[in-house]
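As provided, coords_35.cif (mmCIF, C-alpha atoms) reads as follows.
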data_start
#
loop_
_atom_site.group_PDB
_atom_site.id
_atom_site.type_symbol
_atom_site.label_atom_id
_atom_site.label_comp_id
_atom_site.auth_asym_id
_atom_site.auth_seq_id
_atom_site.Cartn_x
_atom_site.Cartn_y
_atom_site.Cartn_z
ATOM 1 C CA MET A 1 -36.546 48.003 -44.428
ATOM 2 C CA ARG A 2 -33.948 47.435 -41.702
ATOM 3 C CA ILE A 3 -35.842 44.308 -40.579
ATOM 4 C CA VAL A 4 -36.301 43.015 -44.134
ATOM 5 C CA ILE A 5 -32.592 43.373 -44.874
ATOM 6 C CA ALA A 6 -31.771 41.611 -41.600
ATOM 7 C CA GLY A 7 -34.077 38.742 -42.604
ATOM 8 C CA ILE A 8 -32.554 38.427 -46.070
ATOM 9 C CA LEU A 9 -29.062 38.524 -44.567
ATOM 10 C CA GLY A 10 -29.979 35.851 -42.034
ATOM 11 C CA GLY A 11 -31.496 33.667 -44.752
ATOM 12 C CA ILE A 12 -28.340 33.887 -46.856
ATOM 13 C CA VAL A 13 -26.111 33.057 -43.881
ATOM 14 C CA MET A 14 -28.306 30.111 -42.864
ATOM 15 C CA PHE A 15 -28.351 28.810 -46.448
ATOM 16 C CA ILE A 16 -24.561 28.995 -46.697
ATOM 17 C CA TRP A 17 -24.209 27.269 -43.326
ATOM 18 C CA GLY A 18 -26.559 24.531 -44.550
ATOM 19 C CA ALA A 19 -24.331 23.915 -47.572
ATOM 20 C CA ILE A 20 -21.216 23.774 -45.388
ATOM 21 C CA ALA A 21 -22.863 21.534 -42.782
ATOM 22 C CA HIS A 22 -24.029 19.023 -45.389
ATOM 23 C CA MET A 23 -20.898 18.968 -47.545
ATOM 24 C CA ALA A 24 -18.063 19.476 -45.057
ATOM 25 C CA THR A 25 -19.333 18.030 -41.748
ATOM 26 C CA PRO A 26 -20.945 14.745 -40.637
ATOM 27 C CA LEU A 27 -24.192 16.549 -39.755
ATOM 28 C CA GLY A 28 -25.743 16.000 -43.170
ATOM 29 C CA GLU A 29 -25.439 12.209 -42.893
ATOM 30 C CA ALA A 30 -26.039 11.761 -39.173
ATOM 31 C CA GLY A 31 -28.360 8.821 -38.548
ATOM 32 C CA PHE A 32 -28.410 7.607 -42.166
ATOM 33 C CA ALA A 33 -27.118 4.190 -43.276
ATOM 34 C CA GLN A 34 -26.684 2.431 -46.617
ATOM 35 C CA PRO A 35 -29.166 -0.338 -47.549
ATOM 36 C CA VAL A 36 -27.932 -3.937 -47.732
ATOM 37 C CA ASN A 37 -29.637 -4.467 -51.088
ATOM 38 C CA GLU A 38 -31.078 -1.299 -52.558
ATOM 39 C CA ASP A 39 -32.531 -2.869 -55.704
ATOM 40 C CA ILE A 40 -34.546 -5.460 -53.752
ATOM 41 C CA ALA A 41 -35.897 -2.757 -51.434
ATOM 42 C CA LEU A 42 -36.929 -0.494 -54.318
ATOM 43 C CA ALA A 43 -38.587 -3.378 -56.169
ATOM 44 C CA ALA A 44 -40.510 -4.329 -53.007
ATOM 45 C CA LEU A 45 -41.752 -0.762 -52.574
ATOM 46 C CA LYS A 46 -43.257 -0.785 -56.077
ATOM 47 C CA VAL A 47 -45.201 -3.956 -55.272
ATOM 48 C CA ALA A 48 -46.135 -3.377 -51.627
ATOM 49 C CA LEU A 49 -47.046 0.330 -51.518
ATOM 50 C CA PRO A 50 -49.490 2.414 -53.598
ATOM 51 C CA ALA A 51 -48.097 4.887 -56.107
ATOM 52 C CA GLY A 52 -47.905 8.557 -55.238
ATOM 53 C CA ASN A 53 -46.151 10.672 -52.648
ATOM 54 C CA HIS A 54 -47.114 9.260 -49.248
ATOM 55 C CA ALA A 55 -45.729 8.439 -45.818
ATOM 56 C CA PHE A 56 -46.203 4.969 -44.316
ATOM 57 C CA LEU A 57 -45.783 3.243 -40.978
ATOM 58 C CA LEU A 58 -44.780 -0.420 -41.137
ATOM 59 C CA PRO A 59 -46.392 -2.379 -39.541
ATOM 60 C CA SER A 60 -49.331 -0.164 -40.505
ATOM 61 C CA PRO A 61 -52.239 0.211 -38.064
ATOM 62 C CA ASP A 62 -55.584 0.592 -39.837
ATOM 63 C CA PRO A 63 -57.497 3.495 -38.205
ATOM 64 C CA ALA A 64 -60.773 1.895 -39.275
ATOM 65 C CA HIS A 65 -60.092 -1.103 -37.033
ATOM 66 C CA MET A 66 -58.519 0.590 -33.993
ATOM 67 C CA GLY A 67 -61.818 0.160 -32.137
ATOM 68 C CA ASP A 68 -61.690 -3.603 -32.677
ATOM 69 C CA ALA A 69 -59.998 -5.280 -29.700
ATOM 70 C CA THR A 70 -58.995 -8.282 -31.816
ATOM 71 C CA ALA A 71 -57.360 -6.088 -34.474
ATOM 72 C CA VAL A 72 -55.553 -4.045 -31.825
ATOM 73 C CA LYS A 73 -54.231 -7.216 -30.166
ATOM 74 C CA ALA A 74 -53.056 -8.544 -33.533
ATOM 75 C CA MET A 75 -51.252 -5.246 -34.235
ATOM 76 C CA ALA A 76 -49.604 -5.353 -30.808
ATOM 77 C CA GLU A 77 -48.346 -8.875 -31.405
ATOM 78 C CA LYS A 78 -47.148 -8.106 -34.938
ATOM 79 C CA SER A 79 -45.365 -4.891 -33.971
ATOM 80 C CA SER A 80 -43.688 -6.708 -31.060
ATOM 81 C CA ARG A 81 -41.986 -9.202 -33.366
ATOM 82 C CA GLU A 82 -41.433 -7.273 -36.620
ATOM 83 C CA PRO A 83 -39.062 -4.397 -37.471
ATOM 84 C CA PHE A 84 -40.509 -0.896 -37.575
ATOM 85 C CA ALA A 85 -40.215 1.413 -40.579
ATOM 86 C CA PHE A 86 -41.237 4.992 -41.303
ATOM 87 C CA VAL A 87 -41.240 5.205 -45.099
ATOM 88 C CA VAL A 88 -41.638 8.259 -47.321
ATOM 89 C CA LEU A 89 -42.360 7.126 -50.865
ATOM 90 C CA ARG A 90 -42.264 9.209 -54.024
ATOM 91 C CA SER A 91 -43.132 6.778 -56.792
ATOM 92 C CA GLU A 92 -42.391 9.279 -59.576
ATOM 93 C CA PRO A 93 -38.676 8.973 -60.479
ATOM 94 C CA ARG A 94 -36.568 12.141 -60.210
ATOM 95 C CA ASP A 95 -32.879 12.803 -60.740
ATOM 96 C CA MET A 96 -31.500 13.139 -57.188
ATOM 97 C CA THR A 97 -28.405 14.943 -58.476
ATOM 98 C CA ALA A 98 -30.500 17.768 -59.988
ATOM 99 C CA MET A 99 -31.081 19.860 -56.875
ATOM 100 C CA GLY A 100 -31.761 23.306 -58.370
ATOM 101 C CA HIS A 101 -35.437 23.418 -57.401
ATOM 102 C CA GLN A 102 -34.784 22.031 -53.921
ATOM 103 C CA LEU A 103 -32.010 24.562 -53.301
ATOM 104 C CA VAL A 104 -34.339 27.429 -54.251
ATOM 105 C CA VAL A 105 -37.045 26.106 -51.927
ATOM 106 C CA GLN A 106 -34.462 25.705 -49.134
ATOM 107 C CA TRP A 107 -33.263 29.279 -49.526
ATOM 108 C CA ILE A 108 -36.846 30.585 -49.505
ATOM 109 C CA GLY A 109 -37.582 28.586 -46.346
ATOM 110 C CA ASP A 110 -34.410 29.818 -44.618
ATOM 111 C CA THR A 111 -35.223 33.411 -45.572
ATOM 112 C CA LEU A 112 -38.819 33.230 -44.328
ATOM 113 C CA CYS A 113 -37.599 31.824 -40.996
ATOM 114 C CA ALA A 114 -35.002 34.583 -40.787
ATOM 115 C CA LEU A 115 -37.623 37.250 -41.537
ATOM 116 C CA PHE A 116 -39.828 35.984 -38.707
ATOM 117 C CA LEU A 117 -36.805 35.959 -36.416
ATOM 118 C CA ALA A 118 -35.804 39.481 -37.505
ATOM 119 C CA PHE A 119 -39.183 40.807 -36.365
ATOM 120 C CA VAL A 120 -38.641 39.173 -32.968
ATOM 121 C CA LEU A 121 -35.096 40.500 -32.617
ATOM 122 C CA ALA A 122 -36.155 44.011 -33.596
ATOM 123 C CA ALA A 123 -39.233 44.078 -31.349
ATOM 124 C CA ALA A 124 -37.325 45.848 -28.561
ATOM 125 C CA ALA A 125 -33.973 47.455 -27.931
ATOM 126 C CA MET A 126 -31.672 44.539 -27.090
ATOM 127 C CA SER A 127 -27.952 43.971 -26.922
ATOM 128 C CA PHE A 128 -26.069 42.084 -29.626
ATOM 129 C CA CYS A 129 -25.475 39.186 -27.216
ATOM 130 C CA ARG A 130 -29.118 38.857 -26.236
ATOM 131 C CA ARG A 131 -30.226 38.834 -29.862
ATOM 132 C CA VAL A 132 -27.763 36.052 -30.676
ATOM 133 C CA VAL A 133 -28.950 33.986 -27.702
ATOM 134 C CA ILE A 134 -32.592 34.460 -28.738
ATOM 135 C CA ALA A 135 -31.742 33.351 -32.276
ATOM 136 C CA GLY A 136 -30.136 30.163 -30.950
ATOM 137 C CA LEU A 137 -33.115 29.471 -28.689
ATOM 138 C CA MET A 138 -35.492 29.926 -31.616
ATOM 139 C CA GLY A 139 -33.513 27.333 -33.558
ATOM 140 C CA LEU A 140 -33.772 24.885 -30.675
ATOM 141 C CA PHE A 141 -37.485 25.629 -30.359
ATOM 142 C CA GLY A 142 -37.976 24.530 -33.957
ATOM 143 C CA VAL A 143 -36.154 21.247 -33.323
ATOM 144 C CA LEU A 144 -38.079 20.528 -30.126
ATOM 145 C CA ALA A 145 -41.384 21.285 -31.819
ATOM 146 C CA ASN A 146 -40.735 19.234 -34.962
ATOM 147 C CA ILE A 147 -37.814 16.786 -34.994
ATOM 148 C CA VAL A 148 -38.113 15.475 -31.418
ATOM 149 C CA PRO A 149 -41.716 14.283 -31.985
ATOM 150 C CA PHE A 150 -40.516 12.443 -35.102
ATOM 151 C CA GLY A 151 -37.824 10.770 -33.054
ATOM 152 C CA ASN A 152 -40.342 9.919 -30.365
ATOM 153 C CA TRP A 153 -43.206 8.599 -32.506
ATOM 154 C CA TYR A 154 -41.483 7.466 -35.693
ATOM 155 C CA SER A 155 -38.149 6.217 -34.315
ATOM 156 C CA PHE A 156 -35.915 8.703 -36.095
ATOM 157 C CA PRO A 157 -32.342 7.728 -35.101
ATOM 158 C CA THR A 158 -30.859 9.497 -32.104
ATOM 159 C CA ALA A 159 -27.925 10.582 -34.284
ATOM 160 C CA LEU A 160 -30.329 12.241 -36.740
ATOM 161 C CA VAL A 161 -32.162 14.095 -33.971
ATOM 162 C CA GLY A 162 -28.878 15.123 -32.332
ATOM 163 C CA GLY A 163 -27.380 16.180 -35.648
ATOM 164 C CA THR A 164 -30.438 18.321 -36.353
ATOM 165 C CA PHE A 165 -30.073 19.935 -32.925
ATOM 166 C CA ALA A 166 -26.455 20.822 -33.696
ATOM 167 C CA TYR A 167 -27.232 21.987 -37.230
ATOM 168 C CA GLN A 168 -30.051 24.288 -36.162
ATOM 169 C CA LEU A 169 -28.316 25.640 -33.048
ATOM 170 C CA VAL A 170 -25.043 26.497 -34.789
ATOM 171 C CA GLY A 171 -26.802 27.786 -37.894
ATOM 172 C CA TRP A 172 -29.144 30.142 -36.086
ATOM 173 C CA LEU A 173 -26.400 31.353 -33.757
ATOM 174 C CA ILE A 174 -24.339 32.334 -36.797
ATOM 175 C CA ALA A 175 -27.297 33.776 -38.699
ATOM 176 C CA GLY A 176 -28.468 35.475 -35.500
ATOM 177 C CA ALA A 177 -25.070 37.104 -35.073
ATOM 178 C CA ALA A 178 -25.239 38.514 -38.604
ATOM 179 C CA MET A 179 -28.786 39.755 -38.038
ATOM 180 C CA ALA A 180 -27.966 41.203 -34.615
ATOM 181 C CA TRP A 181 -25.009 43.058 -36.120
ATOM 182 C CA TRP A 182 -27.188 44.543 -38.841
ATOM 183 C CA LEU A 183 -30.024 45.486 -36.490
ATOM 184 C CA GLY A 184 -27.548 47.091 -34.091
ATOM 185 C CA ARG A 185 -25.985 49.343 -36.732
ATOM 186 C CA GLY A 186 -26.595 52.984 -35.845
ATOM 187 C CA ALA A 187 -28.044 52.085 -32.441
ATOM 188 C CA LYS A 188 -25.984 54.736 -30.641
ATOM 189 C CA GLU A 189 -27.137 57.416 -33.061
ATOM 190 C CA ARG A 190 -30.764 56.315 -32.620
ATOM 191 C CA GLY A 191 -30.354 56.267 -28.841
ATOM 192 C CA ASP A 192 -31.327 52.597 -28.361
ATOM 193 C CA TYR A 193 -27.864 51.057 -27.938
ATOM 194 C CA VAL A 194 -27.754 48.305 -25.321
ATOM 195 C CA PRO A 195 -24.366 46.841 -24.283
ATOM 196 C CA CYS A 196 -23.924 43.083 -23.876
ATOM 197 C CA GLN A 197 -23.006 43.568 -20.247
ATOM 198 C CA SER A 198 -24.507 46.438 -18.305
ATOM 199 C CA LYS A 199 -22.094 48.231 -16.019
ATOM 200 C CA GLY A 200 -22.617 47.937 -12.301
ATOM 201 C CA PRO A 201 -23.460 50.961 -10.146
#
Can I see the file as structure tokens?
Amino acid sequence: MRIVIAGILGGIVMFIWGAIAHMATPLGEAGFAQPVNEDIALAALKVALPAGNHAFLLPSPDPAHMGDATAVKAMAEKSSREPFAFVVLRSEPRDMTAMGHQLVVQWIGDTLCALFLAFVLAAAAMSFCRRVVIAGLMGLFGVLANIVPFGNWYSFPTALVGGTFAYQLVGWLIAGAAMAWWLGRGAKERGDYVPCQSKGP
């Protein structure tokens, strides 16, 4: 139960930090820009891309022709002269200001991550400081494993990747501190208290 409570606490803290980061700091908009003509772009998407919820690369290599030297050469020439786009299309309209469902999903995701982290932090007797550091490293691990490849392969803006680094690092340091505090409660009574700095001989 101690671990479950730590996970729930961490999820709540991370969720609150996410709200603050997106509403009160530049992190939520890092790497994003406004379109020059939104209506033209949206109209073009309806004509050029199939309906549904899909991701696209533009120019789009056709896997069925990647073994054809002529097709590969044509793709190389086209991609060398045209802009590149990574497009996520949801053709079904949805009110972007109605975020209730997305907020619930976000909180569930934050809480599941925090529960996994709580198991790691409680796996052995550790100091408060070490638990906080591990929490921050776990946040960076997630960015390195997920966002960096998107920046590498799909040209996500450097500002977006950097902003995600900052968001995850700060968030999991704060959530980790709350979780480390909870997990460390009663440590002296249990006999597994570990100070942040061990005293020298």
Check your understanding: What residues come out when you apply the PyMOL selection byres ((chain A and resi 30) around 7) to this file, written as a list in words?
Key ->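 Residues picked by the PyMOL selection byres ((chain A and resi 30) around 7): Pro26, Leu27, Gly28, Glu29, Gly31, Phe32, Ala159, Leu160 and Gly163 of chain A.
A straight line drawn from CA of Met179 in chain A to CA of Gln102 in chain A is 24.5 Å long.
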Picked residues, the PyMOL selection byres ((chain A and resi 36-53) around 10), expected as a PDB file with C-alpha atoms, keeping the file's coordinate frame:
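out.pdb was written with the following content:
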ATOM      1  CA  ALA A  33     -27.118   4.190 -43.276  1.00  0.00           C
ATOM      2  CA  GLN A  34     -26.684   2.431 -46.617  1.00  0.00           C
ATOM      3  CA  PRO A  35     -29.166  -0.338 -47.549  1.00  0.00           C
ATOM      4  CA  HIS A  54     -47.114   9.260 -49.248  1.00  0.00           C
ATOM      5  CA  ALA A  55     -45.729   8.439 -45.818  1.00  0.00           C
ATOM      6  CA  PHE A  56     -46.203   4.969 -44.316  1.00  0.00           C
ATOM      7  CA  VAL A  87     -41.240   5.205 -45.099  1.00  0.00           C
ATOM      8  CA  VAL A  88     -41.638   8.259 -47.321  1.00  0.00           C
ATOM      9  CA  LEU A  89     -42.360   7.126 -50.865  1.00  0.00           C
ATOM     10  CA  ARG A  90     -42.264   9.209 -54.024  1.00  0.00           C
ATOM     11  CA  SER A  91     -43.132   6.778 -56.792  1.00  0.00           C
ATOM     12  CA  GLU A  92     -42.391   9.279 -59.576  1.00  0.00           C
TER      13      GLU A  92
END
**Study point:** Gap from CA of Leu183 in chain A to CA of Asn146 in chain A - Å, one decimal
**Key:**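 Straight-line distance from CA of Leu183 in chain A to CA of Asn146 in chain A works out to 28.4 Å.
You can rank A:Ile20, A:Trp181, A:Phe165, A:Met96 by their closest distance to Arg130 in chain A using all atoms listed in the file, and at the top of that list sits A:Trp181.
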Review point. Pick the closest to Gln197 in chain A from A:Leu140, A:Val148, A:Cys129, A:Ile12: which is it, counting only C-alpha atoms?
Key: A:Cys129
Exercise for review: Anything within 8 Å of (-28.8, 31.8, -44.3): list those residues as a ChimeraX atom specification, counting all atoms listed in the file and sticking to the file's coordinates.
Suggested key: /A:8-18,107,110-111,114,171,175
